[in-house]
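Asker: You'll find protein09.txt just under this line, and it carries compact mmCIF, C-alpha atoms and all ligand atoms.
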# COMPACT_ATOMS: atom_id res chain seq x y z
CA MET D 1 -49.07 -42.44 6.28
CA THR D 2 -46.65 -42.08 3.37
CA GLY D 3 -42.85 -41.99 3.18
CA GLU D 4 -40.26 -43.70 5.28
CA ALA D 5 -39.77 -42.82 8.90
CA LYS D 6 -36.51 -40.92 9.31
CA PRO D 7 -34.02 -42.79 11.54
CA MET D 8 -33.38 -40.78 14.68
CA THR D 9 -29.74 -39.85 15.15
CA VAL D 10 -28.66 -39.34 18.70
CA GLU D 11 -25.40 -37.42 18.87
CA ARG D 12 -23.25 -39.07 21.48
CA GLU D 13 -20.59 -36.99 23.12
CA ALA D 14 -17.16 -38.63 22.93
CA ARG D 15 -15.94 -39.81 26.33
CA ILE D 16 -12.61 -41.31 27.27
CA LYS D 17 -11.54 -43.41 30.25
CA ILE D 18 -8.41 -43.21 32.33
CA ALA D 19 -7.44 -46.22 34.46
CA VAL D 20 -6.17 -45.56 37.96
CA GLN D 21 -5.26 -47.92 40.82
CA LYS D 22 -8.38 -48.52 42.92
CA SER D 23 -6.82 -48.91 46.30
CA GLY D 24 -3.12 -48.83 46.96
CA ARG D 25 0.01 -46.73 47.08
CA LEU D 26 -0.76 -44.86 43.85
CA THR D 27 -4.45 -44.10 44.38
CA ASP D 28 -4.39 -40.80 46.29
CA ASN D 29 -1.64 -39.24 44.19
CA SER D 30 -3.26 -40.38 40.92
CA LEU D 31 -6.68 -38.99 41.82
CA GLY D 32 -5.06 -35.82 43.17
CA LEU D 33 -3.21 -35.37 39.88
CA LEU D 34 -6.45 -35.66 37.89
CA ARG D 35 -8.11 -33.10 40.14
CA ARG D 36 -5.20 -30.72 39.59
CA CYS D 37 -5.80 -31.19 35.85
CA GLY D 38 -9.22 -29.66 36.43
CA LEU D 39 -11.20 -32.91 36.37
CA ASN D 40 -14.12 -32.98 38.81
CA TYR D 41 -15.84 -36.24 39.61
CA SER D 42 -17.65 -37.72 42.55
CA ARG D 43 -16.44 -40.93 44.10
CA ALA D 44 -18.47 -43.18 46.32
CA ALA D 45 -16.86 -45.97 48.32
CA ASP D 46 -16.43 -49.16 46.28
CA GLN D 47 -17.35 -47.41 43.05
CA LEU D 48 -15.44 -48.78 40.05
CA ILE D 49 -16.12 -45.95 37.66
CA CYS D 50 -16.30 -42.25 38.45
CA PHE D 51 -17.99 -40.04 35.89
CA GLY D 52 -16.20 -36.82 35.06
CA GLU D 53 -18.60 -34.00 35.86
CA ASN D 54 -16.99 -31.15 33.97
CA MET D 55 -15.04 -33.04 31.28
CA PRO D 56 -15.99 -36.13 29.24
CA VAL D 57 -13.31 -38.14 31.02
CA ASP D 58 -14.27 -41.04 33.30
CA VAL D 59 -11.97 -42.66 35.84
CA LEU D 60 -11.88 -46.46 35.99
CA LEU D 61 -10.63 -47.76 39.33
CA VAL D 62 -8.87 -51.12 38.99
CA ARG D 63 -5.97 -53.22 40.25
CA ASP D 64 -2.71 -51.74 38.99
CA ASP D 65 -1.74 -55.03 37.31
CA ASP D 66 -4.76 -54.77 34.99
CA ILE D 67 -3.99 -51.27 33.72
CA PRO D 68 -1.62 -52.20 30.81
CA SER D 69 -4.04 -54.75 29.36
CA LEU D 70 -7.10 -52.50 29.78
CA ILE D 71 -5.25 -49.93 27.68
CA ALA D 72 -3.92 -52.44 25.17
CA GLU D 73 -7.48 -53.75 24.66
CA GLY D 74 -8.85 -50.24 24.20
CA VAL D 75 -11.15 -50.34 27.25
CA CYS D 76 -9.31 -47.30 28.60
CA GLN D 77 -7.41 -44.77 26.52
CA LEU D 78 -5.04 -43.64 29.27
CA GLY D 79 -3.72 -44.99 32.56
CA LEU D 80 -1.42 -44.16 35.45
CA VAL D 81 0.75 -47.08 36.52
CA GLY D 82 4.20 -47.90 37.87
CA LEU D 83 6.88 -48.43 35.21
CA ASN D 84 7.59 -51.77 36.92
CA VAL D 85 4.03 -52.96 36.20
CA LEU D 86 3.99 -51.52 32.68
CA LEU D 87 7.19 -53.38 31.74
CA GLU D 88 6.10 -56.60 33.43
CA LYS D 89 2.53 -56.74 32.18
CA SER D 90 2.43 -54.97 28.86
CA VAL D 91 1.24 -57.01 25.97
CA GLU D 92 3.87 -57.45 23.30
CA GLY D 93 3.96 -59.28 20.02
CA ALA D 94 3.07 -59.04 16.39
CA GLY D 95 -0.37 -57.64 15.71
CA LEU D 96 -1.20 -57.04 19.36
CA MET D 97 -2.19 -53.67 20.69
CA THR D 98 0.29 -52.27 23.14
CA ALA D 99 0.30 -49.92 26.09
CA ARG D 100 3.09 -47.40 25.80
CA ARG D 101 4.56 -44.75 28.04
CA VAL D 102 3.58 -41.23 27.01
CA GLY D 103 4.64 -39.26 30.06
CA ASP D 104 6.39 -39.40 33.40
CA VAL D 105 4.83 -38.54 36.72
CA GLU D 106 6.89 -37.95 39.80
CA PHE D 107 5.34 -40.22 42.39
CA GLY D 108 5.49 -43.90 43.25
CA ARG D 109 9.27 -43.83 43.14
CA CYS D 110 10.90 -47.15 43.97
CA ARG D 111 13.50 -49.52 42.57
CA LEU D 112 13.42 -53.15 41.59
CA SER D 113 16.49 -54.62 43.23
CA LEU D 114 18.29 -57.85 43.91
CA ALA D 115 18.77 -58.54 47.62
CA VAL D 116 20.77 -61.32 49.23
CA PRO D 117 20.68 -62.74 52.78
CA ARG D 118 23.08 -60.75 54.94
CA GLY D 119 26.49 -62.39 54.81
CA MET D 120 26.06 -63.95 51.36
CA SER D 121 28.86 -62.79 49.11
CA TYR D 122 27.85 -60.83 46.01
CA LEU D 123 30.56 -59.31 43.85
CA GLY D 124 28.57 -58.92 40.66
CA PRO D 125 26.04 -60.55 38.30
CA THR D 126 28.30 -63.58 37.65
CA ASP D 127 27.63 -64.64 41.27
CA LEU D 128 24.01 -65.25 40.26
CA ALA D 129 24.75 -68.13 37.88
CA GLY D 130 22.72 -71.19 38.88
CA ARG D 131 21.09 -69.38 41.84
CA ARG D 132 17.34 -69.41 42.61
CA ILE D 133 15.89 -65.90 42.60
CA ALA D 134 12.37 -65.30 43.98
CA THR D 135 10.41 -62.46 42.38
CA SER D 136 7.01 -61.17 41.27
CA TYR D 137 8.71 -59.64 38.22
CA PRO D 138 9.88 -62.67 36.17
CA ARG D 139 9.83 -60.87 32.80
CA ILE D 140 11.87 -57.87 33.87
CA LEU D 141 14.29 -60.12 35.76
CA SER D 142 14.74 -62.61 32.93
CA ARG D 143 15.39 -59.77 30.47
CA TRP D 144 18.02 -58.31 32.81
CA LEU D 145 19.66 -61.70 33.38
CA ALA D 146 19.79 -62.27 29.59
CA GLU D 147 21.46 -58.85 29.14
CA GLN D 148 24.08 -59.90 31.70
CA GLY D 149 24.51 -63.28 29.99
CA ILE D 150 23.66 -65.11 33.22
CA GLU D 151 21.54 -68.23 33.63
CA ALA D 152 19.69 -68.46 36.93
CA ASP D 153 16.43 -70.05 38.13
CA ILE D 154 13.56 -67.64 38.53
CA VAL D 155 11.04 -68.61 41.22
CA THR D 156 7.85 -66.63 40.50
CA LEU D 157 5.88 -65.66 43.61
CA SER D 158 2.87 -63.38 43.78
CA GLY D 159 3.69 -61.96 47.21
CA ALA D 160 5.77 -62.30 50.39
CA VAL D 161 8.88 -62.49 48.23
CA GLU D 162 11.09 -61.23 51.04
CA ILE D 163 10.62 -64.36 53.15
CA ALA D 164 11.48 -66.81 50.33
CA PRO D 165 15.16 -67.21 51.32
CA LYS D 166 14.22 -67.92 54.98
CA LEU D 167 11.74 -70.56 53.79
CA GLY D 168 14.41 -72.18 51.62
CA ARG D 169 12.47 -71.42 48.42
CA ALA D 170 15.18 -69.22 46.93
CA ASP D 171 18.78 -68.11 47.47
CA LEU D 172 18.02 -64.44 46.94
CA ILE D 173 15.17 -62.14 45.85
CA CYS D 174 14.36 -59.48 43.31
CA ASP D 175 11.73 -57.11 44.71
CA LEU D 176 10.60 -53.50 44.94
CA VAL D 177 12.39 -51.36 47.50
CA SER D 178 11.71 -47.83 48.64
CA THR D 179 13.08 -47.16 52.13
CA GLY D 180 14.83 -50.54 52.46
CA SER D 181 13.25 -51.25 55.85
CA THR D 182 11.39 -54.39 54.65
CA LEU D 183 14.67 -55.86 53.39
CA SER D 184 16.54 -55.13 56.57
CA ALA D 185 13.69 -56.49 58.73
CA ASN D 186 14.06 -59.75 56.81
CA GLY D 187 17.85 -59.93 57.07
CA LEU D 188 18.38 -59.03 53.41
CA GLU D 189 20.84 -56.66 51.78
CA GLU D 190 20.22 -54.75 48.53
CA VAL D 191 23.07 -55.51 46.12
CA GLU D 192 21.92 -54.48 42.64
CA VAL D 193 19.27 -52.12 41.25
CA ILE D 194 17.82 -53.55 38.04
CA LEU D 195 15.11 -50.93 37.41
CA GLU D 196 14.43 -47.40 38.68
CA SER D 197 10.64 -47.04 38.68
CA HIS D 198 8.04 -44.30 39.10
CA VAL D 199 4.54 -43.73 37.85
CA VAL D 200 4.14 -43.30 34.11
CA LEU D 201 1.24 -42.12 31.98
CA VAL D 202 0.36 -44.78 29.42
CA SER D 203 -1.73 -44.71 26.31
CA GLY D 204 -2.70 -47.30 23.71
CA ASP D 205 -2.61 -47.95 19.97
CA THR D 206 -6.31 -48.69 19.58
CA PRO D 207 -7.79 -46.33 16.98
CA VAL D 208 -10.30 -43.86 18.41
CA ASP D 209 -12.47 -41.25 16.73
CA ALA D 210 -11.02 -37.77 16.18
CA GLU D 211 -12.94 -36.24 19.08
CA SER D 212 -11.69 -38.86 21.56
CA ALA D 213 -8.14 -38.56 20.19
CA GLU D 214 -8.31 -34.83 20.86
CA LEU D 215 -9.53 -35.46 24.42
CA VAL D 216 -6.65 -37.90 24.98
CA GLN D 217 -4.13 -35.31 23.77
CA ARG D 218 -5.73 -32.63 25.93
CA LEU D 219 -5.47 -34.75 29.05
CA ILE D 220 -1.87 -35.78 28.26
CA SER D 221 -0.87 -32.15 27.88
CA ARG D 222 -2.70 -31.11 31.09
CA ILE D 223 -1.02 -33.92 33.06
CA ASP D 224 2.31 -32.93 31.58
CA GLY D 225 1.66 -29.31 32.56
CA VAL D 226 0.72 -30.23 36.15
CA VAL D 227 3.81 -32.42 36.51
CA ARG D 228 6.15 -29.75 35.14
CA VAL D 229 4.61 -27.06 37.29
CA GLN D 230 5.22 -29.01 40.50
CA GLU D 231 8.92 -28.27 40.52
CA ALA D 232 8.76 -25.08 38.50
CA LYS D 233 9.46 -21.71 40.09
CA TYR D 234 9.28 -18.19 38.71
CA ILE D 235 12.37 -16.31 39.76
CA MET D 236 12.89 -12.54 39.60
CA LEU D 237 16.11 -10.74 40.48
CA HIS D 238 18.33 -7.77 39.79
CA ALA D 239 21.79 -8.47 38.41
CA PRO D 240 24.84 -6.42 37.50
CA ARG D 241 25.12 -6.31 33.68
CA SER D 242 28.70 -7.55 34.02
CA ALA D 243 27.53 -10.76 35.77
CA LEU D 244 24.65 -11.53 33.37
CA ASP D 245 26.12 -14.67 31.81
CA GLU D 246 27.26 -16.07 35.15
CA ILE D 247 23.82 -15.50 36.69
CA LYS D 248 21.96 -16.98 33.71
CA ALA D 249 24.11 -20.10 33.99
CA LEU D 250 23.18 -20.43 37.68
CA LEU D 251 19.41 -20.45 37.06
CA PRO D 252 18.39 -24.12 37.22
CA GLY D 253 16.61 -25.52 34.18
CA SER D 254 15.71 -22.16 32.64
CA GLU D 255 15.97 -21.90 28.87
CA ALA D 256 15.71 -18.24 27.95
CA PRO D 257 15.35 -15.78 30.82
CA THR D 258 13.81 -12.38 30.11
CA VAL D 259 16.31 -9.56 30.66
CA MET D 260 14.91 -6.05 31.19
CA PRO D 261 16.48 -2.63 31.83
CA LEU D 262 15.96 -0.96 35.21
CA ASP D 263 14.73 2.58 35.14
CA GLY D 264 17.55 4.97 36.02
CA ILE D 265 20.09 2.25 36.79
CA ASP D 266 22.43 1.54 33.88
CA ASP D 267 24.75 -1.04 35.35
CA LYS D 268 21.96 -3.42 36.47
CA VAL D 269 19.20 -5.37 34.77
CA ALA D 270 16.13 -7.29 35.94
CA ILE D 271 16.02 -10.99 35.09
CA HIS D 272 12.80 -13.04 35.09
CA ALA D 273 12.97 -16.77 34.46
CA VAL D 274 10.88 -19.89 34.83
CA CYS D 275 13.10 -22.53 36.42
CA GLN D 276 11.98 -26.08 35.64
CA GLU D 277 13.87 -27.54 38.57
CA ASN D 278 13.47 -26.85 42.24
CA VAL D 279 15.29 -23.73 43.40
CA PHE D 280 17.30 -24.60 46.49
CA TRP D 281 18.77 -22.22 49.06
CA GLU D 282 22.23 -23.13 47.72
CA THR D 283 21.21 -21.78 44.30
CA LEU D 284 20.00 -18.51 45.85
CA GLU D 285 23.22 -18.17 47.80
CA GLY D 286 25.21 -18.77 44.60
CA LEU D 287 23.18 -16.08 42.80
CA LYS D 288 23.83 -13.65 45.62
CA ARG D 289 27.58 -14.35 45.50
CA ALA D 290 27.46 -13.60 41.76
CA GLY D 291 26.01 -10.15 42.55
CA ALA D 292 22.23 -10.75 42.34
CA SER D 293 19.95 -8.70 44.58
CA SER D 294 16.19 -8.38 45.25
CA VAL D 295 15.73 -12.08 44.54
CA LEU D 296 12.12 -13.32 44.57
CA VAL D 297 11.08 -16.95 44.03
CA LEU D 298 7.40 -17.59 43.29
CA PRO D 299 5.43 -20.80 42.75
CA VAL D 300 3.99 -21.39 39.28
CA GLU D 301 0.25 -22.10 39.25
CA LYS D 302 -0.31 -23.45 35.71
CA MET D 303 1.84 -24.02 32.64
CA LEU D 304 0.94 -25.09 29.13
CA ALA D 305 3.66 -25.80 26.58
O1 LIG B 1 -4.17 -54.21 44.60
P1 LIG B 1 -3.18 -53.78 43.60
O2 LIG B 1 -2.68 -54.89 42.72
O3 LIG B 1 -3.67 -52.60 42.80
O4 LIG B 1 -1.94 -53.19 44.42
P2 LIG B 1 -0.50 -53.78 44.72
O5 LIG B 1 -0.52 -54.38 46.09
O6 LIG B 1 0.02 -54.61 43.59
O7 LIG B 1 0.38 -52.49 44.67
P3 LIG B 1 0.85 -51.40 45.74
O8 LIG B 1 -0.26 -50.46 46.04
O9 LIG B 1 1.58 -52.01 46.90
O10 LIG B 1 1.96 -50.66 44.85
C1 LIG B 1 1.61 -50.04 43.67
C2 LIG B 1 2.87 -49.48 43.00
O11 LIG B 1 3.53 -48.59 43.91
C3 LIG B 1 3.95 -50.49 42.67
O12 LIG B 1 3.70 -51.21 41.47
C4 LIG B 1 5.15 -49.58 42.51
O13 LIG B 1 5.17 -48.99 41.22
C5 LIG B 1 4.90 -48.48 43.54
N1 LIG B 1 5.70 -48.60 44.79
C6 LIG B 1 6.48 -47.62 45.30
C7 LIG B 1 5.82 -49.67 45.59
C8 LIG B 1 6.69 -49.33 46.63
N2 LIG B 1 7.08 -48.03 46.42
C9 LIG B 1 7.00 -50.28 47.64
N3 LIG B 1 7.78 -49.98 48.55
N4 LIG B 1 5.25 -50.90 45.55
C10 LIG B 1 5.52 -51.79 46.53
N5 LIG B 1 6.37 -51.55 47.57
C11 LIG B 1 6.54 -52.65 48.57
C12 LIG B 1 7.60 -53.68 48.18
O14 LIG B 1 7.03 -54.68 47.35
C13 LIG B 1 8.04 -54.24 49.53
O15 LIG B 1 7.13 -55.20 50.00
O16 LIG B 1 6.96 -52.14 49.81
C14 LIG B 1 7.91 -53.01 50.42
C15 LIG B 1 9.25 -52.33 50.49
O17 LIG B 1 9.14 -51.05 51.00
P4 LIG B 1 10.31 -50.45 51.90
O18 LIG B 1 9.94 -49.04 52.12
O19 LIG B 1 10.34 -51.24 53.17
O20 LIG B 1 11.61 -50.58 51.10
ZN ZN B 2 -0.81 -55.02 41.88
Turn this file's structure into structure tokens for me.
Answerer:
Amino acid sequence: MTGEAKPMTVEREARIKIAVQKSGRLTDNSLGLLRRCGLNYSRAADQLICFGENMPVDVLLVRDDDIPSLIAEGVCQLGLVGLNVLLEKSVEGAGLMTARRVGDVEFGRCRLSLAVPRGMSYLGPTDLAGRRIATSYPRILSRWLAEQGIEADIVTLSGAVEIAPKLGRADLICDLVSTGSTLSANGLEEVEVILESHVVLVSGDTPVDAESAELVQRLISRIDGVVRVQEAKYIMLHAPRSALDEIKALLPGSEAPTVMPLDGIDDKVAIHAVCQENVFWETLEGLKRAGASSVLVLPVEKMLA
């Protein structure tokens, strides 16, 4: 045999990974969001990775605390995680890859708050000087305390923060709150919100090939579209020409409504608009008072900017 054997080149399709909480408060909504983006995958119990069946996007199921570092290290290109976890766990520093927020998603809403035992006086941040504060969020808390110019002792706990004052381990706590019922069950009172949190879409700095970068952008824009469409409504109505400006101003979050003539009716026009915010009954009543008629509000199925 003469000549050199040609090396075989196997074209590998680019695939990206998105990290999602495996089992917790964010799991169902995160997986539901990906499905609404058109991603089909099968998921068996205890599976850590789900292969995208119709898109080269795989879902890695992990603890939420690991999501920022998985992205910073380039293991995953995207992730869905609470802003509280992103700010607490993201890797910062010269030369290090970072996980950064590239979009907002409207679930997982909560706040990181200071709470004191009922009856303890709290008039403002200066009352915290020299106090012991129990929290699982030492970085966010210490940054906030520094901004306030207050020195306090941070007691870092990985869980059961709300019972720390009762156990004598701290004077007050800094923890996540949503309904407030955990605080009240433990005789605590929320006195200061230090962070408003919700789920954010995060991406990393790690260089990827052009094909993967395009996939990342595609998924970001689909997620963005799904999120924007949730609240969006398509509204159609008839309006007196004389009330056009007033009615346009009443349409929530609409940039440039389409105004069309009505056949045979000169003093009225039809207005069609996509409203980016929820349309409440109060808005419809306001439109009616301004002279609008034949008002129709329709859900928006898909939207791409
Ligand atoms: O196992 P893994 O590490 O993945 O999960 P986890 O136990 O760390 O997280 P999980 O599933 O409890 O929460 C995931 C994310 O949900 C958090 O990081 C927040 O971004 C968001 N989230 C929204 C909340 C809450 N609401 C919430 N209420 N996370 C925790 N809580 C807890 C809070 O710590 C407190 O114990 O719920 C209690 C307070 O709730 P209320 O309703 O009584 O005020
Ligand atoms: Zn966690």
Asker: For the atom pair atom CA of Val161 of chain D and atom CA of Thr27 of chain D, what is the interatomic distance in Å to one decimal place?
Answerer: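 Between atom CA of Val161 of chain D and atom CA of Thr27 of chain D the gap works out to 23.0 Å.
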Asker: To one decimal place in Å, what is the distance between atom N4 of ligand LIG 1 (chain B) and atom CA of Ser90 of chain D?
Answerer: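 That distance, rounded to one decimal, is 17.4 Å.
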Asker: Counting all atoms listed in the file, what residues are within 10 Å of ligand ZN 2 (chain B), given as a PyMOL selection string?
Answerer: chain D and resi 21+23-25+62-67+81-82+85+136+158-159
Asker: Please measure the separation of atom CA of Ile140 of chain D and atom CA of Leu114 of chain D, giving the value in Å to one decimal.
Answerer: 11.9 Å
Asker: Give the padded box for segment 57-62 of chain D as lines of an AutoDock Vina configuration file: axis-aligned, covering all atoms listed in the file, 3 Å on each side, centre and edge lengths in Å to one decimal.
Answerer:
center_x = -11.6
center_y = -44.6
center_z = 35.2
size_x = 11.4
size_y = 19.0
size_z = 14.3
Asker: Which residue is closest to Ala243 of chain D? Choose from D:Glu106, D:Asp171, D:Asp267, D:Asp46 and count only C-alpha atoms.
Answerer: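 Counting only C-alpha atoms, the residue closest to Ala243 of chain D is D:Asp267.
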Asker: Pick the closest to Val259 of chain D from D:Leu70, D:Ala213, D:Ile194, D:Ile271: which is it, counting only C-alpha atoms?
Answerer: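 Residue with the minimum atom-to-atom distance to Val259 of chain D: D:Ile271.
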Asker: Find the residues near Gln230 of chain D: any atom within 10 Å, counting only C-alpha atoms, skip ones fewer than 2 places away on the same chain, and give them as a count of residues only.
Answerer: 15
Asker: Which one of D:Val295, D:Leu60, D:Val116, D:Val216 sits closest to Val202 of chain D if you count only C-alpha atoms?
Answerer: D:Val216
Asker: Distance cut-off 10 Å, centre (10.2, -53.9, 35.0) in file coordinates, counting only C-alpha atoms: which residues qualify? Return them as a list of chain:residue names.
Answerer: D:Gly82, D:Leu83, D:Asn84, D:Val85, D:Leu86, D:Leu87, D:Glu88, D:Lys89, D:Ser90, D:Arg111, D:Leu112, D:Tyr137, D:Pro138, D:Arg139, D:Ile140, D:Leu141, D:Arg143, D:Trp144, D:Leu176, D:Ile194, D:Leu195, D:Glu196, D:Ser197
Asker: Under the rule that only C-alpha atoms and all ligand atoms are counted, which of D:Cys50, D:Ile150, D:Leu183, D:Leu145 is the nearest residue to ligand LIG 1 (chain B)?
Answerer: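 Using only C-alpha atoms and all ligand atoms, the shortest distance to ligand LIG 1 (chain B) belongs to D:Leu183.
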Asker: Which residues are near Ser203 of chain D? Cut-off 6 Å, only C-alpha atoms, ignore same chain within fewer than 5 positions. Put them as an NGL selection string.
Answerer: :D and (77-78 or 99-100)
Asker: Of the candidates D:Ala45, D:Gly79, D:Asp127, D:Ala270, which shows the shortest atom-to-atom distance to Leu296 of chain D, using only C-alpha atoms?
Answerer: D:Ala270
Asker: Extract, using all atoms listed in the file, all DNA, RNA and protein residues at most 10 Å from Ile16 of chain D, discarding same-chain residues fewer than 6 positions from it, and format them as a PyMOL selection string.
Answerer: chain D and resi 52+55-59+75-78+208+211-213+215-216+219
